[in-house]
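The file structure-v2.cif contains mmCIF, C-alpha atoms and all ligand atoms:
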```
data_coords
loop_
_atom_site.label_atom_id
_atom_site.label_comp_id
_atom_site.auth_asym_id
_atom_site.auth_seq_id
_atom_site.Cartn_x
_atom_site.Cartn_y
_atom_site.Cartn_z
CA MET U 1 139.73 30.52 -27.19
CA GLY U 2 137.32 28.16 -28.97
CA ALA U 3 134.80 29.29 -31.54
CA ILE U 4 131.33 29.91 -30.21
CA ILE U 5 129.69 27.44 -32.64
CA LYS U 6 130.99 23.88 -32.36
CA THR U 7 131.39 21.41 -35.23
CA GLU U 8 129.68 17.99 -35.19
CA ASP U 9 133.03 16.43 -34.27
CA GLU U 10 133.43 18.79 -31.31
CA ILE U 11 129.83 18.09 -30.19
CA ALA U 12 130.58 14.36 -30.27
CA ARG U 13 133.57 14.92 -27.97
CA MET U 14 131.54 17.18 -25.64
CA ARG U 15 128.94 14.40 -25.43
CA ILE U 16 131.60 11.97 -24.18
CA ALA U 17 133.16 14.42 -21.69
CA GLY U 18 129.67 15.24 -20.42
CA ARG U 19 128.75 11.61 -19.92
CA LEU U 20 131.95 10.98 -17.95
CA THR U 21 131.20 14.02 -15.77
CA ALA U 22 127.70 12.70 -15.02
CA GLU U 23 129.16 9.29 -14.17
CA VAL U 24 131.53 10.82 -11.61
CA LEU U 25 128.59 12.51 -9.87
CA GLU U 26 126.57 9.28 -9.91
CA MET U 27 129.56 7.39 -8.49
CA ILE U 28 130.30 9.86 -5.67
CA GLU U 29 126.77 10.60 -4.45
CA PRO U 30 126.42 7.43 -2.29
CA HIS U 31 129.77 8.23 -0.63
CA VAL U 32 128.26 11.36 0.90
CA GLN U 33 127.61 10.35 4.52
CA VAL U 34 127.81 11.97 7.96
CA GLY U 35 131.45 11.94 9.12
CA VAL U 36 133.06 11.61 5.68
CA THR U 37 135.53 14.41 4.86
CA THR U 38 135.32 16.45 1.67
CA GLY U 39 138.99 15.56 1.15
CA GLU U 40 137.98 11.89 0.98
CA LEU U 41 135.29 12.68 -1.64
CA ASP U 42 137.94 14.54 -3.65
CA ARG U 43 140.37 11.62 -3.43
CA ILE U 44 137.73 9.12 -4.62
CA CYS U 45 136.74 11.35 -7.57
CA HIS U 46 140.38 11.98 -8.49
CA GLU U 47 141.14 8.24 -8.60
CA PHE U 48 137.98 7.45 -10.57
CA ILE U 49 138.60 10.18 -13.16
CA THR U 50 142.31 9.50 -13.67
CA ARG U 51 142.32 5.65 -13.48
CA GLN U 52 138.87 4.41 -14.49
CA GLN U 53 138.01 7.14 -16.99
CA GLN U 54 141.56 7.89 -18.19
CA ALA U 55 140.51 11.53 -18.06
CA ILE U 56 141.69 14.74 -16.40
CA PRO U 57 140.04 16.54 -13.46
CA ALA U 58 139.98 20.11 -14.82
CA PRO U 59 139.95 22.01 -11.48
CA LEU U 60 143.32 20.57 -10.34
CA ASP U 61 145.91 23.34 -10.85
CA TYR U 62 143.35 25.50 -12.70
CA ASN U 63 144.52 29.01 -11.77
CA GLY U 64 146.19 27.32 -8.80
CA PHE U 65 143.12 25.47 -7.46
CA PRO U 66 144.61 22.75 -5.21
CA ARG U 67 142.12 19.87 -5.62
CA SER U 68 140.24 17.88 -8.28
CA ILE U 69 136.62 18.82 -7.43
CA CYS U 70 134.85 21.68 -5.63
CA THR U 71 132.85 20.92 -2.47
CA SER U 72 130.66 23.75 -1.17
CA ILE U 73 128.80 23.26 2.11
CA ASN U 74 125.82 25.30 3.46
CA ASP U 75 126.74 29.03 3.25
CA VAL U 76 129.53 28.30 0.74
CA VAL U 77 128.24 29.55 -2.62
CA CYS U 78 130.89 27.92 -4.85
CA HIS U 79 134.57 26.93 -5.22
CA GLY U 80 134.84 25.28 -1.79
CA ILE U 81 138.18 23.46 -1.42
CA PRO U 82 137.98 19.82 -0.27
CA SER U 83 139.64 19.38 3.12
CA ASN U 84 140.97 16.32 4.91
CA THR U 85 139.74 17.71 8.23
CA LYS U 86 136.29 18.96 7.15
CA LYS U 87 133.79 16.24 8.12
CA LEU U 88 130.22 16.35 6.78
CA LYS U 89 127.62 16.89 9.53
CA ASN U 90 124.02 15.78 9.82
CA GLY U 91 121.81 18.41 8.15
CA ASP U 92 124.47 19.85 5.82
CA ILE U 93 123.67 20.64 2.19
CA LEU U 94 126.64 19.98 -0.07
CA ASN U 95 127.36 20.97 -3.66
CA ILE U 96 129.78 18.73 -5.56
CA ASP U 97 131.08 20.33 -8.76
CA VAL U 98 132.91 18.06 -11.20
CA THR U 99 134.69 19.05 -14.41
CA VAL U 100 136.28 16.37 -16.57
CA ILE U 101 138.51 16.79 -19.62
CA LYS U 102 138.42 13.92 -22.12
CA ASP U 103 139.97 14.04 -25.59
CA GLU U 104 140.62 17.78 -25.00
CA TYR U 105 136.95 18.68 -24.34
CA HIS U 106 135.27 19.62 -21.06
CA GLY U 107 132.14 18.48 -19.23
CA ASP U 108 131.09 20.53 -16.18
CA SER U 109 128.23 19.68 -13.81
CA SER U 110 127.27 19.95 -10.17
CA ILE U 111 124.65 18.49 -7.85
CA MET U 112 123.38 19.18 -4.35
CA VAL U 113 123.48 16.31 -1.87
CA GLN U 114 121.68 16.28 1.46
CA VAL U 115 123.68 14.92 4.40
CA GLY U 116 121.55 12.90 6.83
CA ASN U 117 118.35 14.69 7.87
CA VAL U 118 118.13 18.14 6.32
CA ALA U 119 115.77 20.86 7.60
CA PRO U 120 112.69 21.44 5.41
CA HIS U 121 113.73 25.06 4.60
CA ALA U 122 117.11 23.84 3.33
CA GLN U 123 115.49 21.04 1.29
CA ARG U 124 113.23 23.63 -0.28
CA LEU U 125 116.17 25.81 -1.31
CA VAL U 126 117.84 22.78 -2.92
CA GLU U 127 114.65 21.86 -4.81
CA VAL U 128 113.80 25.36 -6.01
CA THR U 129 117.39 25.84 -7.24
CA GLN U 130 117.13 22.66 -9.31
CA GLU U 131 113.80 23.89 -10.68
CA CYS U 132 115.56 27.14 -11.70
CA LEU U 133 118.06 25.11 -13.73
CA TYR U 134 115.36 22.90 -15.27
CA LYS U 135 113.18 25.88 -16.24
CA ALA U 136 116.18 27.46 -17.96
CA LEU U 137 117.00 24.23 -19.83
CA GLU U 138 113.39 24.04 -21.04
CA ILE U 139 113.57 27.37 -22.86
CA VAL U 140 116.95 26.85 -24.56
CA LYS U 141 116.56 26.71 -28.35
CA PRO U 142 117.71 28.69 -31.39
CA GLY U 143 116.14 32.16 -31.29
CA ALA U 144 115.87 32.35 -27.49
CA THR U 145 118.28 34.82 -25.85
CA LEU U 146 120.69 34.74 -22.94
CA GLY U 147 118.42 37.29 -21.25
CA ASP U 148 115.53 34.80 -21.48
CA ILE U 149 117.63 32.26 -19.54
CA GLY U 150 118.51 34.74 -16.80
CA HIS U 151 114.95 35.98 -16.62
CA VAL U 152 113.35 32.56 -16.09
CA ILE U 153 115.88 31.67 -13.39
CA ALA U 154 115.50 34.91 -11.42
CA GLN U 155 111.69 34.87 -11.73
CA HIS U 156 111.49 31.41 -10.25
CA ALA U 157 113.95 32.18 -7.43
CA HIS U 158 112.22 35.44 -6.50
CA LYS U 159 108.83 33.69 -6.35
CA SER U 160 110.21 31.87 -3.29
CA TYR U 161 111.80 35.09 -1.92
CA TYR U 162 115.29 33.79 -2.69
CA SER U 163 118.07 35.85 -4.31
CA VAL U 164 120.33 35.17 -7.31
CA VAL U 165 124.12 35.43 -7.05
CA ARG U 166 125.50 37.87 -9.64
CA GLU U 167 129.28 37.66 -9.20
CA TYR U 168 129.54 34.16 -10.72
CA CYS U 169 127.83 32.81 -13.80
CA GLY U 170 127.60 30.03 -16.35
CA HIS U 171 129.95 30.02 -19.32
CA GLY U 172 130.70 28.79 -22.78
CA ILE U 173 132.68 25.55 -22.64
CA GLY U 174 134.59 23.33 -25.05
CA LYS U 175 138.34 23.01 -25.44
CA ALA U 176 138.59 25.64 -22.71
CA PHE U 177 136.99 25.30 -19.26
CA HIS U 178 135.57 28.82 -19.39
CA GLU U 179 134.82 30.38 -22.78
CA ASP U 180 132.58 33.19 -23.98
CA PRO U 181 129.75 33.91 -23.60
CA GLN U 182 128.98 34.50 -19.92
CA ILE U 183 125.63 33.01 -18.94
CA LEU U 184 124.12 35.31 -16.31
CA HIS U 185 121.45 33.86 -14.03
CA TYR U 186 119.40 37.06 -14.07
CA GLY U 187 118.34 39.28 -16.96
CA ASP U 188 115.61 40.66 -19.15
CA LYS U 189 113.43 38.71 -21.55
CA GLY U 190 114.62 39.18 -25.14
CA ALA U 191 117.89 40.85 -24.12
CA GLY U 192 121.39 39.67 -24.91
CA MET U 193 122.89 37.23 -27.39
CA VAL U 194 120.55 35.14 -29.54
CA LEU U 195 121.14 31.38 -29.18
CA GLU U 196 122.20 29.39 -32.22
CA ARG U 197 122.51 25.69 -32.93
CA GLY U 198 125.99 24.41 -32.02
CA MET U 199 126.62 26.71 -29.05
CA THR U 200 127.79 24.82 -25.95
CA PHE U 201 127.61 26.32 -22.49
CA THR U 202 126.79 25.70 -18.85
CA ILE U 203 123.86 26.94 -16.79
CA GLU U 204 124.68 26.87 -13.06
CA PRO U 205 122.41 29.06 -10.93
CA MET U 206 123.60 29.90 -7.41
CA ILE U 207 120.54 30.75 -5.33
CA ASN U 208 120.71 32.22 -1.81
CA ALA U 209 118.12 31.84 0.95
CA GLY U 210 118.93 35.39 2.12
CA ARG U 211 120.69 38.27 0.41
CA ARG U 212 122.55 37.84 -2.88
CA GLN U 213 125.89 39.38 -1.80
CA THR U 214 128.96 37.14 -1.55
CA ARG U 215 132.38 37.28 0.07
CA LEU U 216 135.62 35.76 -1.24
CA ASN U 217 137.85 34.18 1.41
CA GLN U 218 141.09 36.19 1.21
CA LYS U 219 143.13 33.50 2.98
CA ASP U 220 142.55 30.67 0.50
CA GLY U 221 141.68 32.87 -2.49
CA TRP U 222 138.82 30.55 -3.57
CA THR U 223 136.02 29.88 -1.11
CA VAL U 224 132.98 32.07 -1.82
CA THR U 225 130.40 32.40 0.96
CA THR U 226 127.19 34.33 1.44
CA ARG U 227 127.79 37.64 3.23
CA ASP U 228 124.82 37.11 5.52
CA GLY U 229 125.87 33.57 6.46
CA ARG U 230 122.64 32.04 5.17
CA LEU U 231 122.39 28.97 2.90
CA SER U 232 123.21 28.85 -0.82
CA ALA U 233 122.51 26.10 -3.37
CA GLN U 234 123.69 25.39 -6.92
CA TRP U 235 123.02 22.90 -9.71
CA GLU U 236 124.89 22.84 -13.03
CA HIS U 237 124.63 21.19 -16.44
CA THR U 238 126.63 21.45 -19.68
CA LEU U 239 124.50 21.55 -22.84
CA GLY U 240 124.57 22.07 -26.57
CA VAL U 241 121.94 24.02 -28.49
CA THR U 242 120.23 21.75 -31.07
CA GLU U 243 117.89 22.45 -33.98
CA ASP U 244 114.84 22.73 -31.72
CA GLY U 245 116.06 22.72 -28.12
CA CYS U 246 119.12 21.47 -26.32
CA GLU U 247 121.05 18.31 -25.60
CA ILE U 248 122.16 18.01 -21.99
CA PHE U 249 125.61 16.45 -22.18
CA THR U 250 125.87 15.94 -18.39
CA ARG U 251 122.41 14.37 -17.87
CA ARG U 252 122.38 11.71 -15.13
CA SER U 253 120.35 8.51 -15.49
CA ASN U 254 117.94 9.52 -12.67
CA GLU U 255 116.96 12.70 -14.52
CA SER U 256 113.91 12.76 -16.81
CA LEU U 257 115.10 15.65 -19.01
N1 LIG T 301 133.36 24.10 -11.95
C1 LIG T 301 133.29 25.52 -11.72
C2 LIG T 301 132.35 26.06 -12.77
O1 LIG T 301 131.26 25.60 -12.82
C3 LIG T 301 134.61 26.19 -11.78
C4 LIG T 301 135.56 25.75 -10.75
S1 LIG T 301 137.05 26.54 -10.99
C5 LIG T 301 138.01 25.83 -9.84
O2 LIG T 301 132.65 26.88 -13.58
F1 LIG T 301 139.21 26.20 -10.07
F2 LIG T 301 137.56 26.19 -8.64
F3 LIG T 301 137.91 24.54 -9.94
CO CO T 302 130.77 25.79 -14.83
CO CO T 303 131.21 23.52 -12.43
#
```
What would you get if you wrote out this structure as structure tokens?
Amino acid sequence: MGAIIKTEDEIARMRIAGRLTAEVLEMIEPHVQVGVTTGELDRICHEFITRQQQAIPAPLDYNGFPRSICTSINDVVCHGIPSNTKKLKNGDILNIDVTVIKDEYHGDSSIMVQVGNVAPHAQRLVEVTQECLYKALEIVKPGATLGDIGHVIAQHAHKSYYSVVREYCGHGIGKAFHEDPQILHYGDKGAGMVLERGMTFTIEPMINAGRRQTRLNQKDGWTVTTRDGRLSAQWEHTLGVTEDGCEIFTRRSNESL
């Protein structure tokens, strides 16, 4: 397992892996259309990552995961498996989660995409979830704690009467896909590990419109859904703690972070 504080050379490699990850998301977003299958989105990303980027899609064969990206629709919280028969429908909300390995280092990021015309309540969930991520990114700096991150996310979600998923969390990242520490999306101000310059991790809040409880699909071993069948949204970035804040390795060009 990698050390918790990265060297300058490791940070430079994380920066490149992060940029490639962001570029995959920017490339795939316009392909999201009514009638397209999630299997097709997976195929396009796989080709782009392996041919264009000369990189490796980390999910493929990770603990037996069968595809190169995760696609999670509506009540799917995370780890949805792309399917050649699953067509996107008007009004769906879709999370696309991309993890790229380049020069041994990982970049991990996900976005929500709205398919056709999405109901206002679903749009609101997508927006508030992104705000949860952005508010967390704003407070990251040396001296802040992991509890501070969880606190700001949960506060913002609860203000809109949404709930925060607890079974899955953000994570340290580097040479390994998932490293210590765990980044919980709930917590108490001032609690937990103190952040230091050179730490690299993801923040990836999963926010539910209804209750926070989840269910793991026992047939495929991966797909996580909400227990109550209501909507869930997620956004994810990979970052490094800097002297006075953080550098978002997976920032996309349409983001003013
Ligand atoms: N990308 C997910 C994360 O944010 C993990 C996916 S694991 C997989 O941590 F095997 F489902 F790909
Ligand atoms: Co992640
Ligand atoms: Co991810």
Just the number, please: distance in Å from atom CA of U:His106 to atom CA of U:Glu131, one decimal.
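Going from atom CA of U:His106 over to atom CA of U:Glu131, I get 24.2 Å.
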Close residues to ligand CO 302 (chain T) using only C-alpha atoms and all ligand atoms, limit 7 Å, as a ChimeraX atom specification:
/U:108-109,170-171,202,204,236
Near-ligand residues for ligand CO 303 (chain T), threshold 12 Å, only C-alpha atoms and all ligand atoms, as a VMD selection string
chain U and resid 18 21 to 22 25 57 to 59 68 to 72 77 to 80 95 to 100 106 to 111 168 to 173 177 to 178 201 to 206 234 to 238 250
Atom CA of U:Lys141 sits from atom CA of U:Arg13 at a separation of 20.7 Å
Residues at most 6 Å from stretch 208-215 of chain U, counting all atoms listed in the file, excluding those fewer than 5 positions away in the same chain, as JSON, numbers by chain?
{"U": [162, 163, 164, 165, 224, 225, 226, 227, 230, 231, 232]}
Provide an axis-aligned box for all listed atoms of stretch 24-40 of chain U, padding each side by 8 Å; report its centre and its edge lengths in Å to one decimal, as lines of an AutoDock Vina configuration file.
```
center_x = 132.7
center_y = 11.9
center_z = -1.2
size_x = 28.6
size_y = 25.1
size_z = 36.7
```
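Taking all atoms listed in the file into account, ligand LIG 301 (chain T) lies nearest to U:Gly221 out of the set U:Gly221, U:Gly240, U:Gly192, U:Gly116.
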With distances taken over all atoms listed in the file, which residue among U:Glu127, U:Asp9, U:Glu40, U:Asp188 lies nearest U:Gly174?
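The answer is U:Asp9, which sits nearest to U:Gly174.
For the choices U:Ile207, U:Val113, U:Val152, U:Ile248, the atom-to-atom distance to U:Pro30 is smallest for U:Val113 when using only C-alpha atoms.
Of note, atom CA of U:Ser160 and atom CA of U:Tyr134 are spaced 15.8 Å apart.
Using only C-alpha atoms and all ligand atoms, the shortest contact distance between ligand LIG 301 (chain T) and any of U:Glu10, U:Glu29, U:Glu247, U:Asp42 is found at U:Asp42.
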Taking all atoms listed in the file into account, name the residue in U:Asp103, U:Glu138, U:Asp148, U:Asp220 that is nearest to ligand LIG 301 (chain T).
U:Asp220
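Of the residues under consideration (U:Ile44, U:Leu137, U:Met14, U:Ile101), U:Ile101 shows the shortest atom-to-atom contact distance to ligand LIG 301 (chain T) when counting all atoms listed in the file.
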List every protein, DNA or RNA residue that has at least one atom no more than 9 Å from (126.5, 21.4, -32.7) in the file's coordinates, counting all atoms listed in the file, and write the result as a list in words.
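Residues satisfying the cut-off, written out: Ile5, Lys6, Thr7, Glu8, Asp9, Glu10, Ile11, Ala12, Arg197, Gly198, Met199, Thr200, Gly240, Val241, Thr242 and Glu243 of chain U.
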Contacts of U:Gly190 at 9 Å or less, counting all atoms listed in the file, minus same-chain residues fewer than 5 places along, as a ChimeraX atom specification?
/U:144-148
Just stretch 42-67 of chain U, please, as a PDB file, in the first residue's frame (only N, CA, C and O atoms).
```pdb
ATOM      1  N   ASP U  42     -19.535   2.298 -22.267  1.00  0.00           N
ATOM      2  CA  ASP U  42     -18.374   1.581 -21.745  1.00  0.00           C
ATOM      3  C   ASP U  42     -17.378   1.263 -22.861  1.00  0.00           C
ATOM      4  O   ASP U  42     -16.167   1.467 -22.708  1.00  0.00           O
ATOM      5  N   ARG U  43     -17.917   0.810 -23.998  1.00  0.00           N
ATOM      6  CA  ARG U  43     -17.053   0.439 -25.127  1.00  0.00           C
ATOM      7  C   ARG U  43     -16.271   1.663 -25.629  1.00  0.00           C
ATOM      8  O   ARG U  43     -15.067   1.592 -25.883  1.00  0.00           O
ATOM      9  N   ILE U  44     -16.976   2.794 -25.751  1.00  0.00           N
ATOM     10  CA  ILE U  44     -16.332   4.023 -26.242  1.00  0.00           C
ATOM     11  C   ILE U  44     -15.225   4.467 -25.268  1.00  0.00           C
ATOM     12  O   ILE U  44     -14.119   4.808 -25.694  1.00  0.00           O
ATOM     13  N   CYS U  45     -15.524   4.433 -23.970  1.00  0.00           N
ATOM     14  CA  CYS U  45     -14.506   4.826 -22.977  1.00  0.00           C
ATOM     15  C   CYS U  45     -13.320   3.869 -23.011  1.00  0.00           C
ATOM     16  O   CYS U  45     -12.159   4.290 -22.945  1.00  0.00           O
ATOM     17  N   HIS U  46     -13.618   2.568 -23.103  1.00  0.00           N
ATOM     18  CA  HIS U  46     -12.535   1.573 -23.119  1.00  0.00           C
ATOM     19  C   HIS U  46     -11.567   1.821 -24.284  1.00  0.00           C
ATOM     20  O   HIS U  46     -10.344   1.813 -24.116  1.00  0.00           O
ATOM     21  N   GLU U  47     -12.149   2.060 -25.469  1.00  0.00           N
ATOM     22  CA  GLU U  47     -11.315   2.307 -26.663  1.00  0.00           C
ATOM     23  C   GLU U  47     -10.481   3.571 -26.492  1.00  0.00           C
ATOM     24  O   GLU U  47      -9.298   3.599 -26.814  1.00  0.00           O
ATOM     25  N   PHE U  48     -11.124   4.629 -26.003  1.00  0.00           N
ATOM     26  CA  PHE U  48     -10.454   5.924 -25.829  1.00  0.00           C
ATOM     27  C   PHE U  48      -9.282   5.802 -24.848  1.00  0.00           C
ATOM     28  O   PHE U  48      -8.175   6.285 -25.110  1.00  0.00           O
ATOM     29  N   ILE U  49      -9.534   5.134 -23.721  1.00  0.00           N
ATOM     30  CA  ILE U  49      -8.503   5.011 -22.682  1.00  0.00           C
ATOM     31  C   ILE U  49      -7.335   4.152 -23.173  1.00  0.00           C
ATOM     32  O   ILE U  49      -6.169   4.520 -23.011  1.00  0.00           O
ATOM     33  N   THR U  50      -7.663   3.015 -23.798  1.00  0.00           N
ATOM     34  CA  THR U  50      -6.589   2.079 -24.157  1.00  0.00           C
ATOM     35  C   THR U  50      -5.838   2.516 -25.412  1.00  0.00           C
ATOM     36  O   THR U  50      -4.620   2.347 -25.496  1.00  0.00           O
ATOM     37  N   ARG U  51      -6.555   3.087 -26.417  1.00  0.00           N
ATOM     38  CA  ARG U  51      -5.882   3.450 -27.685  1.00  0.00           C
ATOM     39  C   ARG U  51      -5.342   4.868 -27.657  1.00  0.00           C
ATOM     40  O   ARG U  51      -4.143   5.097 -27.823  1.00  0.00           O
ATOM     41  N   GLN U  52      -6.267   5.836 -27.448  1.00  0.00           N
ATOM     42  CA  GLN U  52      -5.889   7.248 -27.505  1.00  0.00           C
ATOM     43  C   GLN U  52      -4.924   7.607 -26.362  1.00  0.00           C
ATOM     44  O   GLN U  52      -3.908   8.241 -26.567  1.00  0.00           O
ATOM     45  N   GLN U  53      -5.300   7.196 -25.157  1.00  0.00           N
ATOM     46  CA  GLN U  53      -4.543   7.630 -23.970  1.00  0.00           C
ATOM     47  C   GLN U  53      -3.418   6.678 -23.601  1.00  0.00           C
ATOM     48  O   GLN U  53      -2.585   7.016 -22.759  1.00  0.00           O
ATOM     49  N   GLN U  54      -3.383   5.504 -24.248  1.00  0.00           N
ATOM     50  CA  GLN U  54      -2.376   4.492 -23.888  1.00  0.00           C
ATOM     51  C   GLN U  54      -2.347   4.285 -22.370  1.00  0.00           C
ATOM     52  O   GLN U  54      -1.285   4.254 -21.737  1.00  0.00           O
ATOM     53  N   ALA U  55      -3.556   4.169 -21.813  1.00  0.00           N
ATOM     54  CA  ALA U  55      -3.700   4.044 -20.364  1.00  0.00           C
ATOM     55  C   ALA U  55      -4.558   2.821 -20.066  1.00  0.00           C
ATOM     56  O   ALA U  55      -4.999   2.110 -20.979  1.00  0.00           O
ATOM     57  N   ILE U  56      -4.799   2.580 -18.792  1.00  0.00           N
ATOM     58  CA  ILE U  56      -5.514   1.374 -18.361  1.00  0.00           C
ATOM     59  C   ILE U  56      -6.797   1.774 -17.636  1.00  0.00           C
ATOM     60  O   ILE U  56      -6.759   2.616 -16.729  1.00  0.00           O
ATOM     61  N   PRO U  57      -7.951   1.196 -18.015  1.00  0.00           N
ATOM     62  CA  PRO U  57      -9.176   1.438 -17.254  1.00  0.00           C
ATOM     63  C   PRO U  57      -9.149   0.587 -15.983  1.00  0.00           C
ATOM     64  O   PRO U  57      -9.235  -0.644 -16.050  1.00  0.00           O
ATOM     65  N   ALA U  58      -9.012   1.246 -14.828  1.00  0.00           N
ATOM     66  CA  ALA U  58      -8.783   0.515 -13.574  1.00  0.00           C
ATOM     67  C   ALA U  58      -9.915  -0.436 -13.168  1.00  0.00           C
ATOM     68  O   ALA U  58      -9.648  -1.483 -12.574  1.00  0.00           O
ATOM     69  N   PRO U  59     -11.190  -0.105 -13.437  1.00  0.00           N
ATOM     70  CA  PRO U  59     -12.254  -1.015 -12.975  1.00  0.00           C
ATOM     71  C   PRO U  59     -12.201  -2.404 -13.617  1.00  0.00           C
ATOM     72  O   PRO U  59     -12.587  -3.391 -12.976  1.00  0.00           O
ATOM     73  N   LEU U  60     -11.729  -2.504 -14.859  1.00  0.00           N
ATOM     74  CA  LEU U  60     -11.778  -3.776 -15.586  1.00  0.00           C
ATOM     75  C   LEU U  60     -10.951  -4.836 -14.850  1.00  0.00           C
ATOM     76  O   LEU U  60      -9.743  -4.670 -14.661  1.00  0.00           O
ATOM     77  N   ASP U  61     -11.648  -5.882 -14.415  1.00  0.00           N
ATOM     78  CA  ASP U  61     -11.038  -6.988 -13.650  1.00  0.00           C
ATOM     79  C   ASP U  61     -10.655  -6.621 -12.222  1.00  0.00           C
ATOM     80  O   ASP U  61     -10.021  -7.416 -11.519  1.00  0.00           O
ATOM     81  N   TYR U  62     -11.008  -5.417 -11.774  1.00  0.00           N
ATOM     82  CA  TYR U  62     -10.745  -5.035 -10.373  1.00  0.00           C
ATOM     83  C   TYR U  62     -11.691  -5.817  -9.475  1.00  0.00           C
ATOM     84  O   TYR U  62     -12.900  -5.636  -9.538  1.00  0.00           O
ATOM     85  N   ASN U  63     -11.156  -6.716  -8.681  1.00  0.00           N
ATOM     86  CA  ASN U  63     -11.981  -7.621  -7.852  1.00  0.00           C
ATOM     87  C   ASN U  63     -13.066  -8.294  -8.684  1.00  0.00           C
ATOM     88  O   ASN U  63     -14.173  -8.532  -8.187  1.00  0.00           O
ATOM     89  N   GLY U  64     -12.758  -8.545  -9.949  1.00  0.00           N
ATOM     90  CA  GLY U  64     -13.709  -9.235 -10.824  1.00  0.00           C
ATOM     91  C   GLY U  64     -14.732  -8.349 -11.504  1.00  0.00           C
ATOM     92  O   GLY U  64     -15.632  -8.855 -12.184  1.00  0.00           O
ATOM     93  N   PHE U  65     -14.617  -7.021 -11.380  1.00  0.00           N
ATOM     94  CA  PHE U  65     -15.573  -6.144 -12.081  1.00  0.00           C
ATOM     95  C   PHE U  65     -15.422  -6.384 -13.581  1.00  0.00           C
ATOM     96  O   PHE U  65     -14.313  -6.433 -14.097  1.00  0.00           O
ATOM     97  N   PRO U  66     -16.566  -6.562 -14.315  1.00  0.00           N
ATOM     98  CA  PRO U  66     -16.475  -7.032 -15.699  1.00  0.00           C
ATOM     99  C   PRO U  66     -16.285  -5.965 -16.777  1.00  0.00           C
ATOM    100  O   PRO U  66     -16.091  -6.310 -17.935  1.00  0.00           O
ATOM    101  N   ARG U  67     -16.372  -4.682 -16.439  1.00  0.00           N
ATOM    102  CA  ARG U  67     -16.326  -3.640 -17.462  1.00  0.00           C
ATOM    103  C   ARG U  67     -15.307  -2.568 -17.111  1.00  0.00           C
ATOM    104  O   ARG U  67     -14.681  -2.631 -16.059  1.00  0.00           O
TER     105      ARG U  67
END
```
